[in-house]
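Novice: The following file, work_13.pdb, comprises PDB, C-alpha atoms and all ligand atoms:
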```pdb
MODEL        1
ATOM      1  CA  MET X1422      23.911  -3.449  51.687  1.00  0.00           C
ATOM      2  CA  THR X1423      27.290  -4.983  52.394  1.00  0.00           C
ATOM      3  CA  LYS X1424      29.877  -4.737  49.660  1.00  0.00           C
ATOM      4  CA  LEU X1425      33.482  -5.923  49.789  1.00  0.00           C
ATOM      5  CA  GLU X1426      36.442  -5.267  47.534  1.00  0.00           C
ATOM      6  CA  ILE X1427      38.520  -8.309  46.740  1.00  0.00           C
ATOM      7  CA  ASN X1428      41.956  -8.219  45.134  1.00  0.00           C
ATOM      8  CA  SER X1429      42.877 -11.844  44.492  1.00  0.00           C
ATOM      9  CA  ALA X1430      41.569 -15.394  44.263  1.00  0.00           C
ATOM     10  CA  ALA X1431      43.211 -16.094  47.628  1.00  0.00           C
ATOM     11  CA  GLU X1432      41.232 -13.260  49.196  1.00  0.00           C
ATOM     12  CA  MET X1433      38.063 -14.667  47.654  1.00  0.00           C
ATOM     13  CA  LYS X1434      38.798 -17.997  49.336  1.00  0.00           C
ATOM     14  CA  LYS X1435      39.207 -16.207  52.684  1.00  0.00           C
ATOM     15  CA  ILE X1436      35.706 -14.828  52.282  1.00  0.00           C
ATOM     16  CA  GLY X1437      34.668 -18.414  51.613  1.00  0.00           C
ATOM     17  CA  ALA X1438      36.275 -19.497  54.886  1.00  0.00           C
ATOM     18  CA  ALA X1439      34.317 -16.826  56.785  1.00  0.00           C
ATOM     19  CA  ILE X1440      31.100 -17.984  55.118  1.00  0.00           C
ATOM     20  CA  ALA X1441      31.928 -21.603  55.981  1.00  0.00           C
ATOM     21  CA  SER X1442      32.670 -21.005  59.651  1.00  0.00           C
ATOM     22  CA  THR X1443      29.353 -19.186  60.152  1.00  0.00           C
ATOM     23  CA  ALA X1444      27.108 -21.395  57.988  1.00  0.00           C
ATOM     24  CA  LYS X1445      24.364 -23.466  59.615  1.00  0.00           C
ATOM     25  CA  PRO X1446      22.443 -26.565  58.520  1.00  0.00           C
ATOM     26  CA  HIS X1447      19.808 -25.799  55.835  1.00  0.00           C
ATOM     27  CA  ASP X1448      21.488 -22.562  54.778  1.00  0.00           C
ATOM     28  CA  LEU X1449      21.137 -21.608  51.110  1.00  0.00           C
ATOM     29  CA  LEU X1450      23.804 -19.569  49.338  1.00  0.00           C
ATOM     30  CA  LEU X1451      23.092 -18.173  45.867  1.00  0.00           C
ATOM     31  CA  LEU X1452      26.105 -17.123  43.795  1.00  0.00           C
ATOM     32  CA  ASN X1453      25.471 -14.635  40.999  1.00  0.00           C
ATOM     33  CA  GLY X1454      28.144 -13.361  38.635  1.00  0.00           C
ATOM     34  CA  ASP X1455      29.378 -13.651  35.070  1.00  0.00           C
ATOM     35  CA  LEU X1456      31.482 -16.497  33.712  1.00  0.00           C
ATOM     36  CA  GLY X1457      34.831 -16.435  35.492  1.00  0.00           C
ATOM     37  CA  ALA X1458      33.659 -14.010  38.168  1.00  0.00           C
ATOM     38  CA  GLY X1459      34.801 -16.342  40.946  1.00  0.00           C
ATOM     39  CA  LYS X1460      31.735 -18.297  42.096  1.00  0.00           C
ATOM     40  CA  THR X1461      33.526 -21.648  42.074  1.00  0.00           C
ATOM     41  CA  THR X1462      36.640 -20.079  43.616  1.00  0.00           C
ATOM     42  CA  LEU X1463      34.505 -18.838  46.521  1.00  0.00           C
ATOM     43  CA  THR X1464      32.997 -22.316  46.848  1.00  0.00           C
ATOM     44  CA  GLN X1465      36.507 -23.808  46.953  1.00  0.00           C
ATOM     45  CA  GLY X1466      37.281 -21.570  49.927  1.00  0.00           C
ATOM     46  CA  ILE X1467      34.106 -22.756  51.642  1.00  0.00           C
ATOM     47  CA  GLY X1468      34.867 -26.408  50.956  1.00  0.00           C
ATOM     48  CA  TYR X1469      38.454 -26.211  52.141  1.00  0.00           C
ATOM     49  CA  ALA X1470      37.442 -24.474  55.358  1.00  0.00           C
ATOM     50  CA  LEU X1471      34.915 -27.222  56.035  1.00  0.00           C
ATOM     51  CA  GLY X1472      37.594 -29.874  55.624  1.00  0.00           C
ATOM     52  CA  VAL X1473      37.085 -30.978  52.013  1.00  0.00           C
ATOM     53  CA  ARG X1474      40.457 -32.144  50.742  1.00  0.00           C
ATOM     54  CA  ARG X1475      39.509 -33.301  47.223  1.00  0.00           C
ATOM     55  CA  PRO X1476      39.215 -30.682  44.491  1.00  0.00           C
ATOM     56  CA  VAL X1477      36.025 -28.632  44.491  1.00  0.00           C
ATOM     57  CA  LYS X1478      35.135 -28.079  40.861  1.00  0.00           C
ATOM     58  CA  SER X1479      32.205 -26.701  38.995  1.00  0.00           C
ATOM     59  CA  PRO X1480      29.486 -29.348  38.747  1.00  0.00           C
ATOM     60  CA  THR X1481      28.616 -28.182  35.257  1.00  0.00           C
ATOM     61  CA  PHE X1482      27.699 -31.565  33.816  1.00  0.00           C
ATOM     62  CA  THR X1483      26.328 -33.218  36.930  1.00  0.00           C
ATOM     63  CA  ILE X1484      24.227 -30.288  38.288  1.00  0.00           C
ATOM     64  CA  VAL X1485      24.933 -31.339  41.886  1.00  0.00           C
ATOM     65  CA  ARG X1486      28.171 -32.358  43.566  1.00  0.00           C
ATOM     66  CA  GLU X1487      27.914 -33.555  47.124  1.00  0.00           C
ATOM     67  CA  TYR X1488      30.691 -33.220  49.687  1.00  0.00           C
ATOM     68  CA  ALA X1489      29.353 -35.426  52.439  1.00  0.00           C
ATOM     69  CA  GLU X1490      32.737 -35.507  54.183  1.00  0.00           C
ATOM     70  CA  ALA X1491      32.584 -31.785  54.989  1.00  0.00           C
ATOM     71  CA  LYS X1492      32.001 -30.699  58.599  1.00  0.00           C
ATOM     72  CA  LEU X1493      28.733 -29.307  57.268  1.00  0.00           C
ATOM     73  CA  PRO X1494      27.766 -31.388  54.206  1.00  0.00           C
ATOM     74  CA  ILE X1495      27.884 -29.293  51.019  1.00  0.00           C
ATOM     75  CA  TYR X1496      25.556 -29.610  48.033  1.00  0.00           C
ATOM     76  CA  HIS X1497      27.140 -27.571  45.244  1.00  0.00           C
ATOM     77  CA  MET X1498      24.901 -26.949  42.229  1.00  0.00           C
ATOM     78  CA  ASP X1499      25.440 -25.169  38.920  1.00  0.00           C
ATOM     79  CA  PHE X1500      22.451 -24.458  36.705  1.00  0.00           C
ATOM     80  CA  TYR X1501      24.330 -22.772  33.867  1.00  0.00           C
ATOM     81  CA  ARG X1502      23.713 -25.543  31.364  1.00  0.00           C
ATOM     82  CA  LEU X1503      20.411 -26.664  32.742  1.00  0.00           C
ATOM     83  CA  GLU X1504      17.768 -27.573  30.212  1.00  0.00           C
ATOM     84  CA  ASN X1505      14.155 -26.919  31.115  1.00  0.00           C
ATOM     85  CA  SER X1506      13.432 -30.629  31.217  1.00  0.00           C
ATOM     86  CA  ASP X1507      16.196 -31.155  33.808  1.00  0.00           C
ATOM     87  CA  LEU X1508      14.411 -29.016  36.370  1.00  0.00           C
ATOM     88  CA  SER X1509      12.157 -31.821  37.436  1.00  0.00           C
ATOM     89  CA  SER X1510      15.101 -34.199  37.854  1.00  0.00           C
ATOM     90  CA  ILE X1511      16.560 -32.192  40.715  1.00  0.00           C
ATOM     91  CA  ASP X1512      14.470 -31.704  43.782  1.00  0.00           C
ATOM     92  CA  LEU X1513      15.954 -28.603  45.387  1.00  0.00           C
ATOM     93  CA  ASN X1514      13.664 -28.889  48.405  1.00  0.00           C
ATOM     94  CA  SER X1515      14.949 -32.321  49.272  1.00  0.00           C
ATOM     95  CA  TYR X1516      18.509 -30.946  49.374  1.00  0.00           C
ATOM     96  CA  LEU X1517      17.378 -27.999  51.469  1.00  0.00           C
ATOM     97  CA  SER X1518      15.723 -30.360  53.933  1.00  0.00           C
ATOM     98  CA  GLU X1519      19.105 -32.050  54.533  1.00  0.00           C
ATOM     99  CA  PRO X1520      21.155 -30.614  57.418  1.00  0.00           C
ATOM    100  CA  GLY X1521      23.808 -29.219  55.098  1.00  0.00           C
ATOM    101  CA  LEU X1522      24.745 -26.146  53.098  1.00  0.00           C
ATOM    102  CA  VAL X1523      23.321 -25.710  49.586  1.00  0.00           C
ATOM    103  CA  ILE X1524      25.375 -23.544  47.220  1.00  0.00           C
ATOM    104  CA  ILE X1525      23.953 -22.599  43.821  1.00  0.00           C
ATOM    105  CA  GLU X1526      25.814 -21.069  40.888  1.00  0.00           C
ATOM    106  CA  TRP X1527      23.613 -19.433  38.225  1.00  0.00           C
ATOM    107  CA  PRO X1528      20.489 -19.434  40.443  1.00  0.00           C
ATOM    108  CA  GLU X1529      18.749 -17.019  38.044  1.00  0.00           C
ATOM    109  CA  VAL X1530      18.040 -20.031  35.830  1.00  0.00           C
ATOM    110  CA  ILE X1531      15.768 -21.557  38.509  1.00  0.00           C
ATOM    111  CA  GLN X1532      14.439 -18.303  39.955  1.00  0.00           C
ATOM    112  CA  GLY X1533      10.830 -19.476  40.148  1.00  0.00           C
ATOM    113  CA  TYR X1534      11.822 -22.572  42.145  1.00  0.00           C
ATOM    114  CA  LEU X1535      13.791 -20.829  44.902  1.00  0.00           C
ATOM    115  CA  PRO X1536      12.534 -20.441  48.474  1.00  0.00           C
ATOM    116  CA  ASP X1537      12.175 -16.900  49.844  1.00  0.00           C
ATOM    117  CA  GLN X1538      14.997 -17.132  52.420  1.00  0.00           C
ATOM    118  CA  TYR X1539      18.574 -17.251  51.177  1.00  0.00           C
ATOM    119  CA  LEU X1540      21.847 -15.380  51.140  1.00  0.00           C
ATOM    120  CA  GLN X1541      22.564 -14.022  47.691  1.00  0.00           C
ATOM    121  CA  VAL X1542      26.152 -13.159  46.804  1.00  0.00           C
ATOM    122  CA  VAL X1543      26.792 -11.008  43.737  1.00  0.00           C
ATOM    123  CA  ILE X1544      30.355 -11.076  42.415  1.00  0.00           C
ATOM    124  CA  ARG X1545      31.481  -8.566  39.793  1.00  0.00           C
ATOM    125  CA  ARG X1546      34.707  -8.045  37.941  1.00  0.00           C
ATOM    126  CA  VAL X1547      36.142  -4.566  38.385  1.00  0.00           C
ATOM    127  CA  ASP X1548      36.998  -3.118  35.026  1.00  0.00           C
ATOM    128  CA  ASP X1549      40.693  -2.508  35.551  1.00  0.00           C
ATOM    129  CA  SER X1550      42.964  -3.781  32.814  1.00  0.00           C
ATOM    130  CA  TRP X1551      46.019  -3.283  35.054  1.00  0.00           C
ATOM    131  CA  ASP X1552      44.691  -5.725  37.593  1.00  0.00           C
ATOM    132  CA  PRO X1553      42.379  -8.456  36.276  1.00  0.00           C
ATOM    133  CA  THR X1554      42.057  -9.988  39.755  1.00  0.00           C
ATOM    134  CA  LYS X1555      39.887  -7.249  41.287  1.00  0.00           C
ATOM    135  CA  ARG X1556      36.314  -8.110  42.201  1.00  0.00           C
ATOM    136  CA  THR X1557      33.481  -6.685  44.238  1.00  0.00           C
ATOM    137  CA  LEU X1558      31.292  -8.965  46.327  1.00  0.00           C
ATOM    138  CA  GLU X1559      27.897  -7.887  47.567  1.00  0.00           C
ATOM    139  CA  PHE X1560      25.811  -9.714  50.176  1.00  0.00           C
ATOM    140  CA  ARG X1561      22.045  -9.561  49.684  1.00  0.00           C
ATOM    141  CA  PRO X1562      20.407 -11.478  52.540  1.00  0.00           C
ATOM    142  CA  GLN X1563      16.729 -12.417  52.445  1.00  0.00           C
ATOM    143  CA  GLY X1564      15.179 -13.101  55.855  1.00  0.00           C
ATOM    144  CA  LYS X1565      16.352 -12.697  59.457  1.00  0.00           C
ATOM    145  CA  ARG X1566      18.661 -15.709  59.585  1.00  0.00           C
ATOM    146  CA  ASN X1567      20.499 -14.509  56.510  1.00  0.00           C
ATOM    147  CA  GLU X1568      20.838 -10.950  57.791  1.00  0.00           C
ATOM    148  CA  LEU X1569      22.435 -12.391  60.934  1.00  0.00           C
ATOM    149  CA  TRP X1570      24.622 -14.642  58.815  1.00  0.00           C
ATOM    150  CA  VAL X1571      26.068 -11.619  56.992  1.00  0.00           C
ATOM    151  CA  LYS X1572      26.810  -9.970  60.354  1.00  0.00           C
ATOM    152  CA  ASP X1573      28.615 -13.121  61.496  1.00  0.00           C
ATOM    153  CA  ILE X1574      30.593 -13.258  58.249  1.00  0.00           C
ATOM    154  CA  MET X1575      31.632  -9.605  58.561  1.00  0.00           C
ATOM    155  CA  ASN X1576      32.701 -10.163  62.188  1.00  0.00           C
ATOM    156  CA  LYS X1577      34.875 -13.097  61.101  1.00  0.00           C
ATOM    157  CA  LEU X1578      36.535 -10.926  58.489  1.00  0.00           C
ATOM    158  CA  GLN X1579      37.487  -8.136  60.923  1.00  0.00           C
TER
HETATM  159  N1  LIG S   1      39.655 -11.909  42.997  1.00  0.00           N
HETATM  160  C1  LIG S   1      39.373 -13.087  42.437  1.00  0.00           C
HETATM  161  N2  LIG S   1      38.349 -13.843  42.903  1.00  0.00           N
HETATM  162  C2  LIG S   1      38.044 -15.018  42.342  1.00  0.00           C
HETATM  163  N3  LIG S   1      38.689 -15.564  41.292  1.00  0.00           N
HETATM  164  C3  LIG S   1      39.715 -14.848  40.787  1.00  0.00           C
HETATM  165  C4  LIG S   1      40.101 -13.603  41.334  1.00  0.00           C
HETATM  166  N4  LIG S   1      41.134 -13.144  40.608  1.00  0.00           N
HETATM  167  C5  LIG S   1      41.400 -14.034  39.680  1.00  0.00           C
HETATM  168  N5  LIG S   1      40.550 -15.092  39.756  1.00  0.00           N
HETATM  169  C6  LIG S   1      40.559 -16.236  38.846  1.00  0.00           C
HETATM  170  O1  LIG S   1      39.392 -16.137  38.063  1.00  0.00           O
HETATM  171  C7  LIG S   1      38.865 -17.435  37.812  1.00  0.00           C
HETATM  172  C8  LIG S   1      37.457 -17.540  38.366  1.00  0.00           C
HETATM  173  O2  LIG S   1      36.909 -18.744  37.928  1.00  0.00           O
HETATM  174  P1  LIG S   1      35.672 -19.461  38.629  1.00  0.00           P
HETATM  175  O3  LIG S   1      35.600 -20.816  38.039  1.00  0.00           O
HETATM  176  O4  LIG S   1      35.785 -19.316  40.103  1.00  0.00           O
HETATM  177  O5  LIG S   1      34.478 -18.546  38.095  1.00  0.00           O
HETATM  178  P2  LIG S   1      32.922 -18.868  38.074  1.00  0.00           P
HETATM  179  O6  LIG S   1      32.259 -17.614  38.497  1.00  0.00           O
HETATM  180  O7  LIG S   1      32.636 -20.093  38.860  1.00  0.00           O
HETATM  181  O8  LIG S   1      32.625 -19.108  36.540  1.00  0.00           O
HETATM  182  P3  LIG S   1      31.525 -20.056  35.826  1.00  0.00           P
HETATM  183  O9  LIG S   1      30.288 -19.219  35.656  1.00  0.00           O
HETATM  184  O10 LIG S   1      32.155 -20.383  34.519  1.00  0.00           O
HETATM  185  O11 LIG S   1      31.285 -21.246  36.686  1.00  0.00           O
HETATM  186  C9  LIG S   1      39.808 -18.420  38.470  1.00  0.00           C
HETATM  187  O12 LIG S   1      40.754 -18.838  37.521  1.00  0.00           O
HETATM  188  C10 LIG S   1      40.467 -17.570  39.557  1.00  0.00           C
HETATM  189  O13 LIG S   1      41.763 -18.026  39.900  1.00  0.00           O
HETATM  190 MG    MG S   2      31.737 -21.916  38.405  1.00  0.00          MG
ENDMDL
END
```
Before we go any further, please render this structure as structure tokens.
Specialist:
Amino acid sequence: MTKLEINSAAEMKKIGAAIASTAKPHDLLLLNGDLGAGKTTLTQGIGYALGVRRPVKSPTFTIVREYAEAKLPIYHMDFYRLENSDLSSIDLNSYLSEPGLVIIEWPEVIQGYLPDQYLQVVIRRVDDSWDPTKRTLEFRPQGKRNELWVKDIMNKLQ
């Protein structure tokens, strides 16, 4: 298990940059964490590092936002407000078959629809009223590719 301590939003974006520079086509990143944990902030770091220069914001009402201009195209999804009936309207597999990076916030909502290989990232607030910017970030890779991906990310962060 790989767990990092993060002290600011800027540091979270640096983790995003390390994820971005080691990501490969068809990679799937799952972002778990409470409201305001920093899932979108991490995604902003990924987007910026891949050359996205428009704002990366939570796709709460659209489900998917595509950043085709990125060095590795990004499909950013957020299932927080997903209704059951919406599940059929988004074909996750067709996004995964594109040579890009799929990032999912609130993946627990579509648990039964996920493939078995992914990199799960769990972000938690650290309960410290003196410093509300502390987080922990845990990598939980599923499958060989994703185990290697975490190694690459950790090497970038050294
Ligand atoms: N260490 C940190 N990492 C990430 N964000 C931080 C950190 N410290 C403070 N923040 C702030 O916390 C907020 C995190 O919001 P963000 O939208 O990234 O959360 P989220 O997990 O995507 O929430 P939601 O579930 O509502 O989509 C931002 O305002 C960010 O600036
Ligand atoms: Mg978000």
Novice: Using only C-alpha atoms and all ligand atoms, which residues have at least one atom no more than 9 Å from ligand MG 2 (chain S)? Output them as a PDB file with C-alpha atoms, in the frame of the given file.
Specialist:
```
ATOM      1  CA  LEU X1456      31.482 -16.497  33.712  1.00  0.00           C
ATOM      2  CA  GLY X1457      34.831 -16.435  35.492  1.00  0.00           C
ATOM      3  CA  ALA X1458      33.659 -14.010  38.168  1.00  0.00           C
ATOM      4  CA  GLY X1459      34.801 -16.342  40.946  1.00  0.00           C
ATOM      5  CA  LYS X1460      31.735 -18.297  42.096  1.00  0.00           C
ATOM      6  CA  THR X1461      33.526 -21.648  42.074  1.00  0.00           C
ATOM      7  CA  THR X1462      36.640 -20.079  43.616  1.00  0.00           C
ATOM      8  CA  THR X1464      32.997 -22.316  46.848  1.00  0.00           C
ATOM      9  CA  LYS X1478      35.135 -28.079  40.861  1.00  0.00           C
ATOM     10  CA  SER X1479      32.205 -26.701  38.995  1.00  0.00           C
ATOM     11  CA  PRO X1480      29.486 -29.348  38.747  1.00  0.00           C
ATOM     12  CA  THR X1481      28.616 -28.182  35.257  1.00  0.00           C
ATOM     13  CA  ASP X1499      25.440 -25.169  38.920  1.00  0.00           C
ATOM     14  CA  TYR X1501      24.330 -22.772  33.867  1.00  0.00           C
ATOM     15  CA  GLU X1526      25.814 -21.069  40.888  1.00  0.00           C
ATOM     16  CA  TRP X1527      23.613 -19.433  38.225  1.00  0.00           C
TER      17      TRP X1527
END
```
Novice: For the structure provided, state which residues fall under the PyMOL selection byres (((chain X and resi 1447) around 7) and not hetatm), and present them as a PyMOL selection string.
Specialist: chain X and resi 1445-1446+1448-1449+1517-1522
Novice: Record the distance separating atom C4 of ligand LIG 1 (chain S) and atom CA of X:Asn1567, expressed in Å with one decimal.
Specialist: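 Going from atom C4 of ligand LIG 1 (chain S) over to atom CA of X:Asn1567, I get 24.8 Å.
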Novice: Need to verify the contact set: X:Lys1572, 12 Å, only C-alpha atoms, exclusion of same-chain residues closer than 5 positions in sequence. Can you return it as an NGL selection string?
Specialist: :X and (1422-1423 or 1439-1440 or 1443-1444 or 1540 or 1560-1562 or 1565-1567 or 1577-1579)
Novice: Which centre and edge lengths in Å to one decimal define the box along x, y and z that fits every listed atom of ligand LIG 1 (chain S) plus 3 Å per side, as lines of an AutoDock Vina configuration file?
Specialist:
```
center_x = 36.0
center_y = -16.6
center_z = 38.8
size_x = 17.5
size_y = 15.3
size_z = 14.5
```
Novice: Provide the atom CA of X:Lys1434 to atom CA of X:Tyr1534 distance in Å, to one decimal place.
Specialist: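 Atom-to-atom, atom CA of X:Lys1434 and atom CA of X:Tyr1534 are spaced 28.3 Å apart.
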Novice: Restricting the calculation to only C-alpha atoms and all ligand atoms, which member of X:Ile1531, X:Leu1558, X:Leu1450, X:Ile1511 is positioned closest to ligand LIG 1 (chain S)?
Specialist: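 That would be X:Leu1558, the residue with the smallest distance to ligand LIG 1 (chain S).
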Novice: Atom CA of X:Val1543 to atom CA of X:Gln1563: how many Å, to one decimal?
Specialist: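 Here the two named atoms are 13.4 Å from each other.
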Novice: Using the chain letters and numbering of this document, enumerate as JSON, numbers by chain the residues selected by the PyMOL selection byres (((chain X and resi 1492) around 10) and not hetatm).
Specialist: {"X": [1441, 1442, 1468, 1470, 1471, 1472, 1473, 1488, 1489, 1490, 1491, 1493, 1494, 1495, 1521]}
Novice: Which polymer residues, protein or nucleic acid, are no farther than 12 Å from (34.6, -6.1, 47.4), counting all atoms listed in the file, as a ChimeraX atom specification?
Specialist: /X:1422-1429,1432-1433,1436,1542-1547,1554-1560
Novice: Counting all atoms listed in the file, figure out which residue out of X:Leu1503, X:Leu1451, X:Leu1463, X:Ala1438 gets nearest to ligand LIG 1 (chain S).
Specialist: X:Leu1463
Novice: Counting all atoms listed in the file, which residue out of X:His1497, X:Ile1524, X:Met1575, X:Pro1553 sits closest to ligand LIG 1 (chain S)?
Specialist: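 Checking each of X:His1497, X:Ile1524, X:Met1575, X:Pro1553 against ligand LIG 1 (chain S), counting all atoms listed in the file, the winner is X:Pro1553.
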Novice: Of the candidates X:Asn1514, X:Asn1576, X:Gln1465, X:Asn1453, which one gets nearest to X:Leu1535 if we count all atoms listed in the file?
Specialist: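 Closest to X:Leu1535 of all the choices is X:Asn1514.
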Novice: Using only C-alpha atoms, which of the listed residues (X:Glu1487, X:Asp1548, X:Asp1537, X:Glu1529) sits closest to X:Leu1452?
Specialist: X:Glu1529
